[in-house]
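First up is the structure itself, then whatever we jot down about it.
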Amino acid sequence: MDHFEVFGLPRRLGIDVAELQRKFYELSRRGHPDFHQGAPPERQAEILEASARLNAAYRALRDPIGRIEYLVRLEEGRDTREGATVKAKAPPELLEEMFEIQESLQEAQSSGQPGGLEAGARATLAAHRERLVARHQEEEHRLRGPLSKEALAARAYLRTVIDDIDEALGEVRESYVSHRRH
C-alpha cells in the first residue's frame, strides 16, 4: 500500500492538503495504539504498524517537496536522496561548480591550522555556503511548480555540499533536514 492509498487519494502531485490533514486526524483517532491496549498482542502489533505507516504517509505527502520525491520513487522506482543507487543527473555546470567548491573545502580542511580553519578559508567557505543556500532555496521554489527531475538532482547536490561546508565550519543549521550520504 503506497502513501496515497493510505488516505484514499489519487496518486498525483496536486492534492488538497486540508483534506489530507482532515483524513490524517480521522484515521489517527480511529487507529491510535492507545485506544487498543486491551487487544491481543498480535492485534496491537498490527495497529502499531498501521499507525507508523499512517504517520510516515502523512509526513511524506503534506510537504510538497517530499511529495515530489515520493512520486518520483513510485513512478520511476528510484530514490531521489543522497545514497540512492540510481541518481538523477545534475546539470553539468552545477557539477563543475560543486567540484570547485569541494576542492576549496578539501584545501581548507587540510590546512592543518591549530584550532580549526584559517580565517580566510573560513570566510571563503562561508561565502560559498551563503551562495549555495540561496541557490538551494531557488531550487526549492522551482520544485513547487511543475515536476522537475533536474531540480531534484540539483537540490540534492546543493544540500550535500552545504552540509559538508557546515560541518567544516563547525556549524549545523537546524532549518534543514539533511539527507547525509554516510
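Letters A, B, ... mark the chains of the C-alpha cells in the order given; residue numbers begin at 1 per chain; ligand numbers begin at 1, in order shown.
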
- Compile the contact shell of region 13-27 of chain A as an MDAnalysis selection string: residues with an atom at most 12 Å away, counting only C-alpha atoms, same-chain residues fewer than 5 positions apart removed. chainID A and resid 3:8 32:33 47 50:72 74:75 143:148

Let me see the file: selected residues, C-alpha atoms, as a compact mmCIF listing (two decimals), in the first residue's frame.
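Output file part_20.txt follows:
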# COMPACT_ATOMS: atom_id res chain seq x y z
CA HIS A 3 1.12 6.61 0.89
CA PHE A 4 -1.67 7.85 -1.37
CA GLU A 5 -3.67 4.66 -0.82
CA VAL A 6 -3.38 5.07 2.95
CA PHE A 7 -5.52 8.22 2.61
CA GLY A 8 -7.65 7.08 -0.33
CA HIS A 32 -4.27 5.12 17.57
CA PRO A 33 -2.48 2.37 19.57
CA ILE A 47 -2.28 -1.41 14.95
CA ALA A 50 -0.66 0.78 10.73
CA SER A 51 -0.13 3.86 12.90
CA ALA A 52 3.53 4.09 11.86
CA ARG A 53 2.52 3.71 8.18
CA LEU A 54 -0.10 6.47 8.59
CA ASN A 55 2.42 8.85 10.19
CA ALA A 56 5.05 8.16 7.51
CA ALA A 57 2.48 8.70 4.75
CA TYR A 58 1.32 11.98 6.27
CA ARG A 59 4.88 13.29 6.69
CA ALA A 60 5.71 12.46 3.07
CA LEU A 61 2.55 13.84 1.49
CA ARG A 62 1.99 17.05 3.48
CA ASP A 63 5.29 18.54 2.26
CA PRO A 64 5.24 19.44 -1.47
CA ILE A 65 8.94 18.58 -1.90
CA GLY A 66 8.57 15.31 -0.04
CA ARG A 67 5.54 14.51 -2.19
CA ILE A 68 7.57 15.12 -5.37
CA GLU A 69 10.38 12.88 -4.15
CA TYR A 70 7.90 10.18 -3.18
CA LEU A 71 6.14 10.34 -6.56
CA VAL A 72 9.48 10.05 -8.35
CA LEU A 74 6.90 5.45 -7.04
CA GLU A 75 6.84 6.26 -10.73
CA LEU A 143 10.06 22.37 -7.26
CA ARG A 144 6.79 23.93 -6.17
CA GLY A 145 5.94 24.41 -9.84
CA PRO A 146 5.88 21.66 -12.46
CA LEU A 147 7.74 18.46 -11.55
CA SER A 148 11.41 18.79 -12.47

- Which is closest to Val133 (chain A) among A:Glu118, A:Glu76, A:Arg155, A:Arg30, if we use only C-alpha atoms?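 When distances to Val133 (chain A) are compared using only C-alpha atoms, the smallest one comes from A:Arg155.
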
- Query: Of the candidates A:Arg43, A:Arg73, A:Arg159, A:Arg122, which shows the shortest atom-to-atom distance to Arg135 (chain A), using only C-alpha atoms?
  - Reply: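 Closest to Arg135 (chain A) of all the choices is A:Arg159.
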